file input_10.txt (compact mmCIF, C-alpha atoms)
# COMPACT_ATOMS: atom_id res chain seq x y z
CA MET R 1 -24.55 48.10 45.97
CA SER R 2 -22.49 47.92 42.77
CA SER R 3 -24.52 47.03 39.70
CA LYS R 4 -23.67 46.13 36.14
CA PRO R 5 -22.72 49.36 34.33
CA ARG R 6 -24.64 50.57 31.31
CA GLN R 7 -22.97 50.48 27.91
CA ASP R 8 -21.44 53.95 28.36
CA ASP R 9 -20.65 53.74 32.11
CA GLU R 10 -17.19 53.35 33.59
CA ILE R 11 -15.90 49.88 34.45
CA ARG R 12 -14.01 50.23 37.73
CA VAL R 13 -11.06 47.86 38.15
CA LEU R 14 -9.24 46.94 41.38
CA ILE R 15 -5.74 45.42 41.19
CA VAL R 16 -4.58 42.99 43.91
CA ASP R 17 -0.97 41.78 43.99
CA ASP R 18 1.77 41.71 46.63
CA HIS R 19 4.48 42.79 44.19
CA PRO R 20 4.55 46.60 43.66
CA ILE R 21 6.39 46.34 40.34
CA PHE R 22 3.77 43.99 38.91
CA ARG R 23 0.95 46.22 40.18
CA LEU R 24 2.59 49.13 38.41
CA GLY R 25 2.76 47.14 35.18
CA VAL R 26 -0.91 46.19 35.38
CA CYS R 27 -1.84 49.80 36.16
CA GLU R 28 -0.03 50.87 33.00
CA ARG R 29 -1.92 48.25 30.99
CA ILE R 30 -5.24 49.43 32.47
CA ASN R 31 -4.42 53.05 31.73
CA SER R 32 -3.42 52.12 28.17
CA ILE R 33 -6.88 50.64 27.62
CA GLY R 34 -8.53 53.97 28.43
CA GLY R 35 -12.13 54.58 27.48
CA ARG R 36 -14.62 53.06 29.92
CA VAL R 37 -12.06 51.02 31.87
CA LYS R 38 -10.80 52.99 34.88
CA LEU R 39 -8.39 52.07 37.68
CA SER R 40 -10.33 52.05 40.96
CA GLY R 41 -7.56 51.15 43.41
CA GLU R 42 -4.76 48.80 44.45
CA ALA R 43 -4.30 46.25 47.24
CA SER R 44 -1.23 44.25 48.28
CA ASP R 45 -3.00 41.32 49.95
CA GLY R 46 -6.31 39.47 50.15
CA LEU R 47 -7.47 41.16 53.36
CA LYS R 48 -7.00 44.65 51.90
CA ALA R 49 -8.70 43.45 48.72
CA PHE R 50 -11.84 42.58 50.68
CA GLU R 51 -11.82 45.97 52.42
CA LEU R 52 -11.48 47.83 49.11
CA ALA R 53 -14.11 45.64 47.49
CA ARG R 54 -16.48 46.78 50.23
CA THR R 55 -15.60 50.49 50.08
CA LEU R 56 -14.84 51.02 46.38
CA ARG R 57 -17.26 48.46 44.91
CA PRO R 58 -15.24 47.82 41.73
CA HIS R 59 -16.87 46.00 38.84
CA VAL R 60 -13.80 43.82 38.19
CA ILE R 61 -10.93 42.68 40.42
CA LEU R 62 -7.64 41.49 38.95
CA MET R 63 -6.43 39.10 41.66
CA ASP R 64 -3.01 37.55 42.23
CA LEU R 65 -3.09 33.90 43.31
CA ASN R 66 -0.22 33.46 45.78
CA MET R 67 -0.04 36.19 48.41
CA PRO R 68 1.02 36.17 52.07
CA GLY R 69 -1.76 36.02 54.64
CA VAL R 70 -5.09 35.76 52.83
CA SER R 71 -4.42 34.08 49.47
CA GLY R 72 -6.10 34.98 46.20
CA ILE R 73 -8.30 31.88 46.44
CA GLU R 74 -9.45 32.76 49.96
CA ALA R 75 -10.03 36.40 49.01
CA THR R 76 -12.02 35.39 45.92
CA ARG R 77 -14.24 33.09 47.97
CA LYS R 78 -14.85 35.77 50.61
CA ILE R 79 -15.50 38.60 48.15
CA LYS R 80 -17.88 36.56 45.99
CA ALA R 81 -19.81 35.49 49.09
CA SER R 82 -20.36 39.11 50.14
CA PHE R 83 -20.40 40.86 46.75
CA PRO R 84 -21.48 38.33 44.09
CA GLU R 85 -21.89 41.06 41.48
CA ILE R 86 -18.12 41.74 41.42
CA GLN R 87 -16.29 39.84 38.68
CA ILE R 88 -12.86 38.43 39.62
CA LEU R 89 -10.10 37.60 37.16
CA ILE R 90 -7.12 35.66 38.52
CA LEU R 91 -3.69 36.73 37.23
CA SER R 92 -1.04 34.08 37.91
CA ALA R 93 2.54 33.37 36.89
CA SER R 94 1.73 29.69 36.31
CA ALA R 95 -1.22 27.53 35.32
CA GLU R 96 -1.56 24.41 37.48
CA ALA R 97 -4.78 22.47 37.02
CA SER R 98 -5.48 22.01 40.73
CA GLU R 99 -5.23 25.74 41.40
CA ILE R 100 -7.30 26.63 38.34
CA GLY R 101 -10.11 24.36 39.43
CA GLU R 102 -10.01 25.68 42.98
CA VAL R 103 -10.26 29.36 42.02
CA LEU R 104 -13.06 28.69 39.54
CA GLN R 105 -14.95 26.83 42.26
CA ALA R 106 -14.34 29.83 44.54
CA GLY R 107 -16.24 32.01 42.04
CA ALA R 108 -13.58 33.54 39.80
CA ALA R 109 -14.80 34.42 36.29
CA GLY R 110 -11.47 33.72 34.64
CA PHE R 111 -7.83 32.71 34.95
CA LEU R 112 -5.12 34.56 32.99
CA LEU R 113 -1.35 34.41 32.99
CA LYS R 114 0.54 37.50 34.11
CA SER R 115 2.04 37.79 30.64
CA VAL R 116 -1.37 38.91 29.32
CA THR R 117 -1.21 41.93 27.00
CA GLY R 118 -3.21 45.14 27.29
CA PRO R 119 -5.63 44.23 24.46
CA GLU R 120 -6.08 40.70 25.86
CA LEU R 121 -6.80 42.14 29.30
CA GLN R 122 -9.31 44.58 27.83
CA GLU R 123 -11.14 41.79 26.03
CA ALA R 124 -11.17 39.69 29.21
CA ILE R 125 -12.63 42.54 31.27
CA PHE R 126 -15.40 43.17 28.74
CA THR R 127 -16.13 39.44 28.49
CA VAL R 128 -16.62 38.91 32.24
CA MET R 129 -18.70 42.09 32.46
CA GLU R 130 -21.06 40.51 29.94
CA GLY R 131 -21.35 37.40 32.09
CA GLY R 132 -18.77 35.30 30.24
CA SER R 133 -15.67 33.50 31.46
CA VAL R 134 -12.06 33.72 30.29
CA LEU R 135 -9.13 31.28 30.33
CA SER R 136 -5.71 31.84 28.80
CA PRO R 137 -4.87 29.22 26.12
CA SER R 138 -2.18 27.65 28.31
CA VAL R 139 -4.63 27.50 31.21
CA THR R 140 -7.11 25.64 29.02
CA ARG R 141 -4.37 23.22 27.93
CA SER R 142 -3.42 22.57 31.56
CA LEU R 143 -7.03 21.72 32.42
CA LEU R 144 -7.45 19.47 29.38
CA THR R 145 -4.21 17.65 30.19
CA ALA R 146 -5.36 17.02 33.76
CA LEU R 147 -8.76 15.82 32.58
CA SER R 148 -7.18 13.47 30.07
CA GLN R 149 -5.19 11.62 32.75
CA PRO R 150 -6.60 8.09 33.35
CA THR R 151 -6.41 8.57 37.10
CA ALA R 152 -6.20 11.72 39.14
CA VAL R 153 -3.07 12.47 41.11
CA PRO R 154 -3.93 11.89 44.77
CA GLY R 155 -4.24 14.84 47.07
CA ARG R 156 -5.29 18.44 46.98
CA LEU R 157 -1.91 20.06 46.49
CA SER R 158 -0.57 21.63 43.31
CA GLU R 159 2.58 20.30 41.63
CA ARG R 160 4.59 23.21 43.01
CA GLU R 161 3.24 22.65 46.53
CA LEU R 162 4.09 18.95 46.36
CA GLU R 163 7.58 19.85 45.17
CA ILE R 164 8.06 22.23 48.08
CA LEU R 165 6.58 19.80 50.61
CA SER R 166 8.94 17.06 49.41
CA MET R 167 11.86 19.40 50.08
CA VAL R 168 10.42 20.31 53.48
CA SER R 169 10.34 16.58 54.33
CA THR R 170 14.11 16.46 53.89
CA GLY R 171 14.57 19.32 56.35
CA ALA R 172 15.16 22.03 53.75
CA THR R 173 14.75 25.61 54.97
CA ASN R 174 12.64 28.24 53.18
CA LYS R 175 15.84 29.98 52.12
CA PHE R 176 17.25 26.79 50.60
CA ILE R 177 13.95 25.98 48.85
CA GLY R 178 13.76 29.47 47.39
CA LYS R 179 17.31 29.26 46.09
CA GLU R 180 16.79 25.82 44.55
CA LEU R 181 13.46 26.69 42.89
CA PHE R 182 14.32 30.30 42.04
CA LEU R 183 11.52 31.63 44.24
CA SER R 184 11.48 34.56 46.65
CA MET R 185 11.28 33.85 50.38
CA ARG R 186 7.83 35.44 50.43
CA THR R 187 6.59 33.13 47.67
CA VAL R 188 7.91 30.05 49.49
CA GLU R 189 6.25 31.19 52.73
CA THR R 190 2.97 31.70 50.87
CA HIS R 191 3.12 28.21 49.36
CA ILE R 192 3.81 26.67 52.76
CA HIS R 193 0.94 28.66 54.29
CA ASN R 194 -1.37 27.31 51.58
CA ILE R 195 -0.09 23.76 52.16
CA PHE R 196 -0.89 24.05 55.88
CA GLN R 197 -4.41 25.26 55.11
CA LYS R 198 -5.14 22.56 52.54
CA LEU R 199 -3.90 19.78 54.81
CA GLY R 200 -5.48 21.25 57.94
CA VAL R 201 -2.20 21.38 59.85
CA SER R 202 -0.21 24.04 61.67
CA SER R 203 3.40 22.88 61.46
CA ARG R 204 5.94 21.55 58.97
CA THR R 205 6.16 18.23 60.84
CA GLU R 206 2.38 17.78 60.75
CA ALA R 207 2.30 18.65 57.05
CA VAL R 208 4.98 16.10 56.18
CA THR R 209 3.40 13.40 58.35
CA GLN R 210 -0.03 13.99 56.82
CA ALA R 211 1.34 14.06 53.26
CA ILE R 212 3.23 10.78 53.74
CA SER R 213 0.15 9.18 55.30
CA ASP R 214 -1.99 10.31 52.33
CA GLY R 215 0.58 9.03 49.85
CA LEU R 216 1.25 12.51 48.47
CA ILE R 217 5.01 12.34 49.00
CA LYS R 218 7.52 9.59 49.74
CA ASN R 219 8.98 9.10 53.17
CA PRO R 220 12.58 10.38 52.84
CA LYS R 221 13.71 7.87 55.47
CA SER R 222 12.54 4.96 53.32
CA GLY R 223 14.98 5.84 50.53
call {"tool": "encode", "arguments": {"input": "input_10.txt", "output": "structure tokens"}}
result
Amino acid sequence: MSSKPRQDDEIRVLIVDDHPIFRLGVCERINSIGGRVKLSGEASDGLKAFELARTLRPHVILMDLNMPGVSGIEATRKIKASFPEIQILILSASAEASEIGEVLQAGAAGFLLKSVTGPELQEAIFTVMEGGSVLSPSVTRSLLTALSQPTAVPGRLSERELEILSMVSTGATNKFIGKELFLSMRTVETHIHNIFQKLGVSSRTEAVTQAISDGLIKNPKSG
């Protein structure tokens, strides 16, 4: 069982992201930190992350949010349930309040943007190892903005997911959605997978029907 390292022990870090170039960049930032912080391993999806969490027992996991298959939120929930001593920091390209709240509820110790610098990442790792939590300034602003709204936006979907689902309701393909929103096909597929899971459906038609019924999106046929 992994335990909290002593002051002079190594801090093993596992990186989880489906984009090899980003993983390489984070590896370089970890290596630039040096000292006690050591790279333990890499995973390209949530399922592999759980397997490596079990075999490598890292102290900290740097977890991407949107990945194909098992998402970062699902992986965080599963890892924390089995290995509560492991600290998980989410690294995301965007900061949407609904996603932030969901990953924190899943057990993540912090939420950082992918633009985080080496020194900022080092400070975040040390903070969570001491039992603290970390949020990027823009993440904090996103949460405060959401909390300041007089009424909550209905539904469980993020702004990006609602945007994609609205396009799906018009019959847009994944390729078209990706082109319009400047997203990769893989990212669009991941968002749609997450939408299906959150709404408890298994098809695009079911997702659209459920979202219209819940008042999350407008019926495109109603103008």
call {"tool": "residues_around", "arguments": {"input": "input_10.txt", "residues": "Ile86 (chain R)", "least_positions_apart": "5", "cutoff": "7 Å", "atoms": "all atoms listed in the file", "output": "list of chain:residue names"}}
result
R:Pro58, R:His59, R:Val60, R:Lys80
call {"tool": "atom_distance", "arguments": {"input": "input_10.txt", "atom1": "CA of Arg23 (chain R)", "atom2": "CA of Glu96 (chain R)"}}
result
22.1 Å
call {"tool": "closest_residue", "arguments": {"input": "input_10.txt", "among": "R:Val70, R:Leu14, R:Met129, R:Val116", "to": "Lys38 (chain R)", "atoms": "all atoms listed in the file"}}
result
R:Leu14
call {"tool": "closest_atom_pairs", "arguments": {"input": "input_10.txt", "of": "region 54-91 of chain R", "to": "region 98-108 of chain R", "cutoff": "8 Å", "atoms": "only C-alpha atoms", "output": "CSV"}}
result
residue,atom,partner,partner_atom,distance
R:Ile73,CA,R:Val103,CA,5.5
R:Glu74,CA,R:Ala106,CA,7.9
R:Thr76,CA,R:Ala106,CA,6.2
R:Arg77,CA,R:Ala106,CA,4.7
R:Lys80,CA,R:Gly107,CA,6.2
R:Gln87,CA,R:Ala108,CA,6.9
R:Ile88,CA,R:Ala108,CA,4.9
R:Leu89,CA,R:Ala108,CA,6.0
R:Ile90,CA,R:Ala108,CA,6.9
call {"tool": "closest_residue", "arguments": {"input": "input_10.txt", "among": "R:Glu85, R:Gly118, R:Val128, R:Lys78", "to": "Ser32 (chain R)", "atoms": "only C-alpha atoms"}}
result
R:Gly118
call {"tool": "closest_residue", "arguments": {"input": "input_10.txt", "among": "R:Leu39, R:Gly178, R:Thr127, R:Phe83", "to": "Thr55 (chain R)", "atoms": "all atoms listed in the file"}}
result
R:Phe83
call {"tool": "closest_residue", "arguments": {"input": "input_10.txt", "among": "R:Ile61, R:Val139, R:Pro68, R:Ala53", "to": "Ser92 (chain R)", "atoms": "only C-alpha atoms"}}
result
R:Val139
call {"tool": "decode", "arguments": {"input": "input_10.txt", "residues": "region 114-145 of chain R", "atoms": "N, CA and C atoms", "output": "PDB file, in the first residue's frame"}}
result
ATOM      1  N   LYS R 114      -4.220  23.222 -18.425  1.00  0.00           N
ATOM      2  CA  LYS R 114      -3.060  22.586 -19.054  1.00  0.00           C
ATOM      3  C   LYS R 114      -1.929  23.576 -19.348  1.00  0.00           C
ATOM      4  N   SER R 115      -2.224  24.855 -19.219  1.00  0.00           N
ATOM      5  CA  SER R 115      -1.195  25.872 -19.432  1.00  0.00           C
ATOM      6  C   SER R 115      -0.322  26.068 -18.195  1.00  0.00           C
ATOM      7  N   VAL R 116      -0.521  25.268 -17.158  1.00  0.00           N
ATOM      8  CA  VAL R 116       0.221  25.409 -15.908  1.00  0.00           C
ATOM      9  C   VAL R 116       1.729  25.301 -16.164  1.00  0.00           C
ATOM     10  N   THR R 117       2.509  26.124 -15.482  1.00  0.00           N
ATOM     11  CA  THR R 117       3.960  26.118 -15.644  1.00  0.00           C
ATOM     12  C   THR R 117       4.596  25.068 -14.740  1.00  0.00           C
ATOM     13  N   GLY R 118       5.885  24.795 -14.984  1.00  0.00           N
ATOM     14  CA  GLY R 118       6.614  23.851 -14.158  1.00  0.00           C
ATOM     15  C   GLY R 118       6.592  24.214 -12.678  1.00  0.00           C
ATOM     16  N   PRO R 119       6.949  25.453 -12.334  1.00  0.00           N
ATOM     17  CA  PRO R 119       6.928  25.857 -10.917  1.00  0.00           C
ATOM     18  C   PRO R 119       5.535  25.763 -10.297  1.00  0.00           C
ATOM     19  N   GLU R 120       4.492  26.135 -11.071  1.00  0.00           N
ATOM     20  CA  GLU R 120       3.118  26.049 -10.567  1.00  0.00           C
ATOM     21  C   GLU R 120       2.719  24.595 -10.323  1.00  0.00           C
ATOM     22  N   LEU R 121       3.158  23.723 -11.228  1.00  0.00           N
ATOM     23  CA  LEU R 121       2.864  22.297 -11.088  1.00  0.00           C
ATOM     24  C   LEU R 121       3.580  21.719  -9.868  1.00  0.00           C
ATOM     25  N   GLN R 122       4.817  22.138  -9.674  1.00  0.00           N
ATOM     26  CA  GLN R 122       5.576  21.682  -8.506  1.00  0.00           C
ATOM     27  C   GLN R 122       4.882  22.087  -7.212  1.00  0.00           C
ATOM     28  N   GLU R 123       4.458  23.339  -7.141  1.00  0.00           N
ATOM     29  CA  GLU R 123       3.779  23.825  -5.944  1.00  0.00           C
ATOM     30  C   GLU R 123       2.478  23.058  -5.712  1.00  0.00           C
ATOM     31  N   ALA R 124       1.758  22.768  -6.798  1.00  0.00           N
ATOM     32  CA  ALA R 124       0.495  22.040  -6.679  1.00  0.00           C
ATOM     33  C   ALA R 124       0.726  20.626  -6.152  1.00  0.00           C
ATOM     34  N   ILE R 125       1.765  19.969  -6.654  1.00  0.00           N
ATOM     35  CA  ILE R 125       2.075  18.605  -6.209  1.00  0.00           C
ATOM     36  C   ILE R 125       2.412  18.590  -4.728  1.00  0.00           C
ATOM     37  N   PHE R 126       3.257  19.522  -4.290  1.00  0.00           N
ATOM     38  CA  PHE R 126       3.617  19.585  -2.874  1.00  0.00           C
ATOM     39  C   PHE R 126       2.402  19.913  -2.001  1.00  0.00           C
ATOM     40  N   THR R 127       1.525  20.774  -2.511  1.00  0.00           N
ATOM     41  CA  THR R 127       0.337  21.170  -1.743  1.00  0.00           C
ATOM     42  C   THR R 127      -0.589  19.990  -1.495  1.00  0.00           C
ATOM     43  N   VAL R 128      -0.889  19.212  -2.552  1.00  0.00           N
ATOM     44  CA  VAL R 128      -1.806  18.081  -2.371  1.00  0.00           C
ATOM     45  C   VAL R 128      -1.157  16.974  -1.548  1.00  0.00           C
ATOM     46  N   MET R 129       0.171  16.865  -1.604  1.00  0.00           N
ATOM     47  CA  MET R 129       0.849  15.858  -0.793  1.00  0.00           C
ATOM     48  C   MET R 129       0.777  16.206   0.689  1.00  0.00           C
ATOM     49  N   GLU R 130       0.566  17.472   0.980  1.00  0.00           N
ATOM     50  CA  GLU R 130       0.426  17.908   2.372  1.00  0.00           C
ATOM     51  C   GLU R 130      -1.037  17.926   2.809  1.00  0.00           C
ATOM     52  N   GLY R 131      -1.916  17.432   1.937  1.00  0.00           N
ATOM     53  CA  GLY R 131      -3.330  17.348   2.296  1.00  0.00           C
ATOM     54  C   GLY R 131      -4.158  18.545   1.862  1.00  0.00           C
ATOM     55  N   GLY R 132      -3.548  19.464   1.093  1.00  0.00           N
ATOM     56  CA  GLY R 132      -4.267  20.637   0.630  1.00  0.00           C
ATOM     57  C   GLY R 132      -4.955  20.400  -0.701  1.00  0.00           C
ATOM     58  N   SER R 133      -5.611  21.431  -1.205  1.00  0.00           N
ATOM     59  CA  SER R 133      -6.271  21.373  -2.503  1.00  0.00           C
ATOM     60  C   SER R 133      -5.811  22.552  -3.345  1.00  0.00           C
ATOM     61  N   VAL R 134      -5.906  22.404  -4.665  1.00  0.00           N
ATOM     62  CA  VAL R 134      -5.375  23.416  -5.576  1.00  0.00           C
ATOM     63  C   VAL R 134      -6.359  23.687  -6.708  1.00  0.00           C
ATOM     64  N   LEU R 135      -6.625  24.960  -6.976  1.00  0.00           N
ATOM     65  CA  LEU R 135      -7.444  25.372  -8.118  1.00  0.00           C
ATOM     66  C   LEU R 135      -6.730  26.494  -8.847  1.00  0.00           C
ATOM     67  N   SER R 136      -6.650  26.409 -10.167  1.00  0.00           N
ATOM     68  CA  SER R 136      -6.095  27.512 -10.946  1.00  0.00           C
ATOM     69  C   SER R 136      -6.987  28.740 -10.754  1.00  0.00           C
ATOM     70  N   PRO R 137      -6.426  29.958 -10.830  1.00  0.00           N
ATOM     71  CA  PRO R 137      -7.229  31.178 -10.652  1.00  0.00           C
ATOM     72  C   PRO R 137      -8.466  31.222 -11.548  1.00  0.00           C
ATOM     73  N   SER R 138      -8.322  30.819 -12.808  1.00  0.00           N
ATOM     74  CA  SER R 138      -9.466  30.862 -13.719  1.00  0.00           C
ATOM     75  C   SER R 138     -10.513  29.826 -13.341  1.00  0.00           C
ATOM     76  N   VAL R 139     -10.063  28.723 -12.745  1.00  0.00           N
ATOM     77  CA  VAL R 139     -10.996  27.696 -12.280  1.00  0.00           C
ATOM     78  C   VAL R 139     -11.820  28.246 -11.118  1.00  0.00           C
ATOM     79  N   THR R 140     -11.138  28.930 -10.208  1.00  0.00           N
ATOM     80  CA  THR R 140     -11.825  29.555  -9.072  1.00  0.00           C
ATOM     81  C   THR R 140     -12.844  30.579  -9.557  1.00  0.00           C
ATOM     82  N   ARG R 141     -12.450  31.387 -10.550  1.00  0.00           N
ATOM     83  CA  ARG R 141     -13.374  32.397 -11.093  1.00  0.00           C
ATOM     84  C   ARG R 141     -14.599  31.744 -11.703  1.00  0.00           C
ATOM     85  N   SER R 142     -14.391  30.628 -12.410  1.00  0.00           N
ATOM     86  CA  SER R 142     -15.509  29.919 -13.037  1.00  0.00           C
ATOM     87  C   SER R 142     -16.492  29.418 -11.987  1.00  0.00           C
ATOM     88  N   LEU R 143     -15.962  28.890 -10.885  1.00  0.00           N
ATOM     89  CA  LEU R 143     -16.827  28.410  -9.805  1.00  0.00           C
ATOM     90  C   LEU R 143     -17.593  29.553  -9.155  1.00  0.00           C
ATOM     91  N   LEU R 144     -16.885  30.664  -8.889  1.00  0.00           N
ATOM     92  CA  LEU R 144     -17.532  31.809  -8.249  1.00  0.00           C
ATOM     93  C   LEU R 144     -18.620  32.404  -9.138  1.00  0.00           C
ATOM     94  N   THR R 145     -18.369  32.423 -10.451  1.00  0.00           N
ATOM     95  CA  THR R 145     -19.361  32.939 -11.383  1.00  0.00           C
ATOM     96  C   THR R 145     -20.614  32.071 -11.363  1.00  0.00           C
TER      97      THR R 145
END
